[in-house]
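Containing mmCIF, C-alpha atoms: my_file-v7.cif.
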```
data_structure
#
loop_
_atom_site.label_atom_id
_atom_site.label_comp_id
_atom_site.auth_asym_id
_atom_site.auth_seq_id
_atom_site.Cartn_x
_atom_site.Cartn_y
_atom_site.Cartn_z
CA MET A 424 -12.76 18.10 -4.42
CA ILE A 425 -9.81 19.13 -2.24
CA CYS A 426 -7.03 16.55 -1.99
CA MET A 427 -3.77 16.43 -0.08
CA GLY A 428 -0.96 14.20 -1.35
CA ILE A 429 1.82 13.14 1.02
CA ASP A 430 5.08 11.48 0.00
CA ALA A 431 7.64 9.97 2.38
CA ALA A 432 8.46 6.86 0.34
CA GLY A 433 11.96 7.79 -0.74
CA ARG A 434 14.76 10.25 -0.18
CA THR A 435 12.52 13.31 -0.42
CA ALA A 436 9.46 14.28 1.59
CA GLY A 437 6.71 16.17 -0.21
CA VAL A 438 3.22 17.58 0.20
CA ALA A 439 0.72 18.91 -2.36
CA LEU A 440 -2.80 20.31 -2.23
CA THR A 441 -5.15 20.31 -5.20
CA LYS A 442 -8.68 21.59 -5.75
CA ASP A 443 -10.34 19.73 -8.59
CA ASP A 444 -7.80 20.04 -11.44
CA GLN A 445 -5.96 23.03 -9.94
CA LEU A 446 -2.68 22.76 -8.03
CA LEU A 447 -2.95 24.96 -4.94
CA TYR A 448 0.36 24.21 -3.24
CA GLU A 449 3.34 21.91 -3.54
CA CYS A 450 6.66 21.61 -1.71
CA PHE A 451 9.33 19.04 -1.01
CA VAL A 452 12.47 18.69 1.05
CA ASN A 453 15.58 16.77 0.02
CA GLY A 454 17.79 17.84 2.88
CA GLY A 455 18.91 14.50 4.25
CA LEU A 456 16.87 14.80 7.44
CA SER A 457 14.52 12.15 8.73
CA HIS A 458 11.00 12.40 7.38
CA SER A 459 9.78 12.01 10.94
CA GLU A 460 11.35 15.41 11.62
CA THR A 461 10.26 17.25 8.47
CA LEU A 462 6.98 15.84 7.17
CA MET A 463 4.58 17.41 9.64
CA GLY A 464 6.27 20.77 9.12
CA LEU A 465 5.55 20.49 5.40
CA VAL A 466 1.93 19.58 6.10
CA ASP A 467 1.52 22.52 8.49
CA GLY A 468 3.11 24.85 5.94
CA ALA A 469 0.68 23.67 3.25
CA PHE A 470 -2.34 24.41 5.44
CA LYS A 471 -1.02 27.82 6.48
CA ALA A 472 -0.11 28.86 2.93
CA THR A 473 -3.54 27.95 1.53
CA GLY A 474 -5.70 28.88 4.52
CA LEU A 475 -7.14 25.38 4.55
CA ALA A 476 -7.59 23.01 7.47
CA PRO A 477 -7.97 19.23 7.72
CA THR A 478 -11.73 19.69 7.98
CA ASP A 479 -11.73 21.16 4.44
CA LEU A 480 -10.21 18.10 2.83
CA ASP A 481 -12.25 15.60 0.84
CA LEU A 482 -9.46 13.11 0.16
CA TYR A 483 -5.95 12.17 1.26
CA GLY A 484 -3.47 10.42 -0.98
CA VAL A 485 -0.29 8.80 0.30
CA CYS A 486 2.39 6.57 -1.18
CA ALA A 487 1.67 3.05 0.03
CA GLY A 488 4.63 1.50 -1.75
CA PRO A 489 7.00 0.50 -2.97
CA GLY A 490 9.73 2.47 -1.23
CA SER A 491 11.66 2.80 2.00
CA PHE A 492 9.91 0.65 4.59
CA THR A 493 10.41 3.28 7.30
CA GLY A 494 9.39 6.12 5.00
CA LEU A 495 6.20 4.35 3.95
CA ARG A 496 5.23 3.79 7.56
CA ILE A 497 5.85 7.46 8.39
CA GLY A 498 3.71 8.64 5.48
CA LEU A 499 0.87 6.22 6.20
CA ALA A 500 0.87 7.03 9.92
CA THR A 501 0.76 10.76 9.15
CA VAL A 502 -2.25 10.40 6.86
CA LYS A 503 -4.05 8.11 9.27
CA GLY A 504 -3.64 10.67 12.04
CA LEU A 505 -4.86 13.55 9.88
CA ALA A 506 -7.78 11.67 8.33
CA PHE A 507 -9.04 9.78 11.36
CA VAL A 508 -10.73 12.71 13.12
CA ASN A 509 -13.14 13.36 10.24
CA ASN A 510 -12.94 9.86 8.72
CA THR A 511 -11.77 11.45 5.49
CA PRO A 512 -11.44 8.96 2.61
CA CYS A 513 -7.88 7.90 1.79
CA ALA A 514 -6.05 6.44 -1.19
CA GLY A 515 -2.91 4.38 -0.79
CA VAL A 516 -1.31 5.01 -4.17
CA SER A 517 1.52 3.31 -6.02
CA THR A 518 4.71 5.32 -5.56
CA LEU A 519 5.68 4.44 -9.13
CA GLU A 520 2.37 5.58 -10.62
CA ALA A 521 2.67 8.84 -8.68
CA LEU A 522 6.11 9.34 -10.26
CA ALA A 523 4.68 8.85 -13.75
CA LEU A 524 1.54 10.97 -13.69
CA PRO A 525 3.13 14.46 -13.73
CA GLN A 526 5.30 13.51 -16.73
CA GLN A 527 4.23 14.64 -20.20
CA GLY A 528 5.24 13.81 -23.77
CA GLU A 529 5.28 10.88 -26.19
CA GLY A 530 6.85 7.49 -25.62
CA THR A 531 7.49 5.68 -22.37
CA VAL A 532 8.49 6.68 -18.86
CA LEU A 533 10.08 4.01 -16.70
CA CYS A 534 9.84 4.84 -13.00
CA ALA A 535 12.55 3.29 -10.84
CA LEU A 536 13.36 3.42 -7.14
CA ASP A 537 16.65 2.20 -5.69
CA ALA A 538 15.78 -1.01 -3.82
CA ARG A 539 19.42 -1.69 -2.82
CA ARG A 540 21.27 -4.95 -3.41
CA GLY A 541 21.49 -4.12 -7.13
CA GLU A 542 17.69 -4.07 -7.52
CA VAL A 543 15.09 -1.47 -8.40
CA TYR A 544 11.38 -1.16 -7.80
CA TRP A 545 10.03 -0.32 -11.24
CA ALA A 546 7.03 0.09 -13.49
CA ALA A 547 6.54 1.63 -16.93
CA PHE A 548 3.80 3.91 -18.27
CA ASP A 549 2.77 5.34 -21.62
CA LEU A 550 3.55 9.04 -21.57
CA ALA A 551 0.65 10.19 -23.72
CA THR A 552 -2.11 8.35 -21.83
CA HIS A 553 -0.39 7.48 -18.54
CA ALA A 554 -1.68 3.95 -19.04
CA ARG A 555 0.23 1.38 -17.04
CA LEU A 556 2.42 -0.91 -19.16
CA THR A 557 3.81 -3.16 -16.42
CA PRO A 558 2.91 -4.03 -12.82
CA ASP A 559 5.02 -2.75 -9.94
CA ALA A 560 7.96 -5.10 -9.45
CA ALA A 561 11.22 -5.46 -7.52
CA GLN A 562 13.97 -6.88 -9.74
CA PRO A 563 17.68 -6.61 -10.58
CA VAL A 564 18.38 -3.86 -13.11
CA ASP A 565 19.47 -6.49 -15.65
CA ALA A 566 15.95 -7.93 -15.61
CA LEU A 567 14.66 -4.77 -17.35
CA THR A 568 16.66 -5.52 -20.49
CA ASP A 569 13.88 -7.11 -22.55
CA PHE A 570 11.39 -4.39 -21.71
CA VAL A 571 13.81 -1.56 -22.47
CA SER A 572 14.79 -3.15 -25.78
CA ASN A 573 11.19 -3.61 -26.96
CA CYS A 574 9.27 -0.71 -25.47
CA LYS A 575 7.85 2.25 -27.36
CA LYS A 576 10.51 4.92 -27.81
CA PRO A 577 11.55 7.51 -26.78
CA LEU A 578 12.15 6.25 -23.26
CA PHE A 579 13.42 8.01 -20.17
CA PHE A 580 13.87 7.09 -16.52
CA VAL A 581 12.70 8.91 -13.39
CA GLY A 582 12.99 8.26 -9.67
CA ASP A 583 15.93 7.81 -7.33
CA GLY A 584 16.79 4.59 -9.17
CA ALA A 585 16.95 6.33 -12.55
CA GLN A 586 20.73 6.62 -12.53
CA LEU A 587 21.09 2.88 -12.05
CA CYS A 588 18.99 2.42 -15.19
CA TYR A 589 20.92 5.04 -17.15
CA ASN A 590 24.18 3.35 -16.17
CA LYS A 591 22.88 0.16 -17.77
CA PHE A 592 20.75 1.39 -20.68
CA GLY A 593 21.68 5.03 -21.27
CA THR A 594 23.54 4.39 -24.53
CA GLN A 595 20.75 2.40 -26.18
CA PRO A 596 19.00 4.02 -29.17
CA GLY A 597 15.85 5.89 -28.19
CA VAL A 598 16.78 6.31 -24.53
CA LEU A 599 16.69 10.00 -23.67
CA SER A 600 18.60 11.66 -20.86
CA CYS A 601 16.62 13.30 -18.09
CA PRO A 602 18.19 15.86 -15.73
CA PRO A 603 18.17 14.89 -12.04
CA SER A 604 15.90 17.82 -11.21
CA LEU A 605 13.17 16.25 -13.35
CA GLN A 606 13.72 12.74 -12.00
CA ALA A 607 12.55 13.64 -8.48
CA PRO A 608 9.08 12.67 -7.28
CA ARG A 609 6.33 15.26 -7.09
CA ALA A 610 3.58 15.15 -4.48
CA LEU A 611 1.24 16.41 -7.21
CA GLY A 612 1.46 12.93 -8.71
CA ILE A 613 0.06 11.48 -5.50
CA CYS A 614 -2.97 13.76 -5.71
CA LEU A 615 -3.50 12.78 -9.36
CA ALA A 616 -3.27 9.08 -8.52
CA ALA A 617 -5.57 9.48 -5.52
CA LEU A 618 -8.19 11.24 -7.63
CA ARG A 619 -8.02 8.39 -10.15
CA MET A 620 -8.63 5.90 -7.35
CA GLN A 621 -11.49 8.00 -5.98
CA ALA A 622 -13.16 8.04 -9.41
CA ASP A 623 -12.79 4.25 -9.60
CA GLY A 624 -14.23 3.71 -6.11
CA GLU A 625 -10.92 2.48 -4.70
CA THR A 626 -10.56 4.73 -1.65
CA CYS A 627 -10.74 3.44 1.91
CA PRO A 628 -11.15 4.68 5.50
CA PRO A 629 -7.88 5.72 7.14
CA GLU A 630 -7.62 2.64 9.33
CA ALA A 631 -7.62 0.40 6.22
CA LEU A 632 -4.44 1.90 4.73
CA ARG A 633 -1.71 -0.71 4.38
CA PRO A 634 1.86 -0.59 3.01
CA GLN A 635 2.74 -2.49 -0.16
CA TYR A 636 6.38 -3.44 0.33
CA LEU A 637 6.75 -5.81 -2.69
CA ARG A 638 9.55 -7.72 -0.99
CA LEU A 639 10.74 -8.89 2.41
CA SER A 640 12.43 -6.50 4.81
CA GLN A 641 16.15 -6.88 5.50
CA ALA A 642 15.43 -8.52 8.84
CA GLU A 643 13.06 -11.01 7.19
CA ARG A 644 15.58 -11.78 4.43
CA GLU A 645 18.36 -12.37 6.94
CA ARG A 646 16.12 -14.63 9.01
CA ALA A 647 15.21 -16.66 5.92
CA GLU A 648 18.88 -16.97 4.98
CA ARG A 649 19.77 -18.19 8.49
CA LEU A 650 16.96 -20.74 8.42
CA ALA A 651 18.06 -21.98 4.99
CA ALA A 652 21.66 -22.30 6.17
CA TRP A 653 20.56 -24.14 9.31
CA LYS A 654 18.53 -26.63 7.26
CA GLU A 655 21.57 -27.38 5.11
#
```

Before we go any further, please render this structure as structure tokens.
Amino acid sequence: MICMGIDAAGRTAGVALTKDDQLLYECFVNGGLSHSETLMGLVDGAFKATGLAPTDLDLYGVCAGPGSFTGLRIGLATVKGLAFVNNTPCAGVSTLEALALPQQGEGTVLCALDARRGEVYWAAFDLATHARLTPDAAQPVDALTDFVSNCKKPLFFVGDGAQLCYNKFGTQPGVLSCPPSLQAPRALGICLAALRMQADGETCPPEALRPQYLRLSQAERERAERLAAWKE
């Protein structure tokens, strides 16, 4: 089973290739450029480095959300274009689950993405089993207080929203620091999540991939606020 995982959900863009349980290739870019300019270069580099082609792939995994609305659309469009020719099965994975799966140890990992406006997209997972402890959610950082206080320790945070969580909870007993280099997403996690979905029969044809935004876009929020103000 050869799987490609593609990540464009956040500040970094990444690509990984796995064969069964072996990592063949992985790279990411955090250079501040648009994913629309860098992602296909990463994909092309992965194929060239491994000698593989799209026809060799059995499965594509891609972050379907949560994350940057534009980034999610770029990632999904890229996978649809690659998979459509051969109708290769696809898995639209949770960005937060993909963050958790490469992590190892005992305790809890809380995956957090900066959702702006003082909020994070977040979910928590048991480190030993990678079992999900909470659903994906978009909430203010303060709303995590009860979970952080009562979860299995040790606990650490990963993702581009990790620093927001450390600012709030970093001094609590049992919360471990995690260097920024280990907080970044890995495209390997997307492959691992996609393979889980494949084993559970949850893959789909490329045209069925859909983003999972978890909340309204800025334009939709502003429209709702204007309508509410007009009704008042």

- Any idea what's packed within 7 Å of region 583-587 of chain A, counting all atoms listed in the file, ignoring anything in its chain fewer than 3 positions away? Could you give it as number ranges by chain? A: 535-537, 543, 580, 590-591, 607

- Message: Could you list, as a VMD selection string, every residue matched by the PyMOL selection byres ((chain A and resi 596) around 12) in this structure?
- Response: chain A and resid 571 to 579 592 to 595 597 to 600

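The residue set within 12 Å of Thr493 (chain A), counting only C-alpha atoms and dropping same-chain residues fewer than 4 places from it, reads Ala431, Ala432, Gly433, Arg434, Ser457, His458, Ser459, Ala487, Gly488, Pro489, Ile497, Gly498, Leu499, Ala500, Pro634, Tyr636, Ser640 and Gln641 of chain A.
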
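The space between CA of Gly468 (chain A) and CA of Val438 (chain A) spans 9.3 Å.
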
- May I ask which of the residues A:Val452, A:Ala561, A:Ala469, A:Ala622 is the closest one to Pro608 (chain A), counting only C-alpha atoms? A:Val452

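Using all atoms listed in the file, the residues found no farther than 7 Å from Leu519 (chain A), other than those of its own chain fewer than 4 positions away, are A:Ala523, A:Cys534, A:Trp545, A:Ala546.
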
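For the atom pair formed by CA of Gly490 (chain A) and CA of Gln635 (chain A), the distance is 8.6 Å, given to one decimal.
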
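Picked by the PyMOL selection byres ((chain A and resi 564) around 9) from the coordinates shown: Gly541, Glu542, Val543, Gln562, Pro563, Asp565, Ala566, Leu567, Thr568, Leu587, Cys588 and Lys591 of chain A.
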
- Contacts of Thr557 (chain A) at 8 Å or less, counting all atoms listed in the file, minus same-chain residues fewer than 2 places along, as a list of chain:residue names? A:Ala546, A:Ala547, A:Phe548, A:Arg555, A:Asp559

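Distances from A:Thr473, A:Asn453, A:Thr518, A:Thr478 to Val581 (chain A) were compared using all atoms listed in the file, and the smallest one belongs to A:Thr518.
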
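Across the structure, CA of Leu605 (chain A) and CA of Arg619 (chain A) are spaced 22.8 Å apart.
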
- For Lys442 (chain A), please output as a PyMOL selection string all residues within 12 Å (counting all atoms listed in the file; exclusion window: fewer than 6 positions along the same chain). chain A and resi 424-428+448+473+475+479-482+611+614-615+618

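Among A:Asp467, A:Gly612, A:Thr461, A:Tyr544, the residue with the shortest atom-to-atom distance to Gln527 (chain A), counting all atoms listed in the file, is A:Gly612.
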
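Within 8 Å of the point (-12.4, 7.5, 2.4), and counting only C-alpha atoms, the protein, DNA and RNA residues are Leu482, Asn510, Thr511, Pro512, Cys513, Ala514, Thr626, Cys627, Pro628 and Pro629 of chain A.
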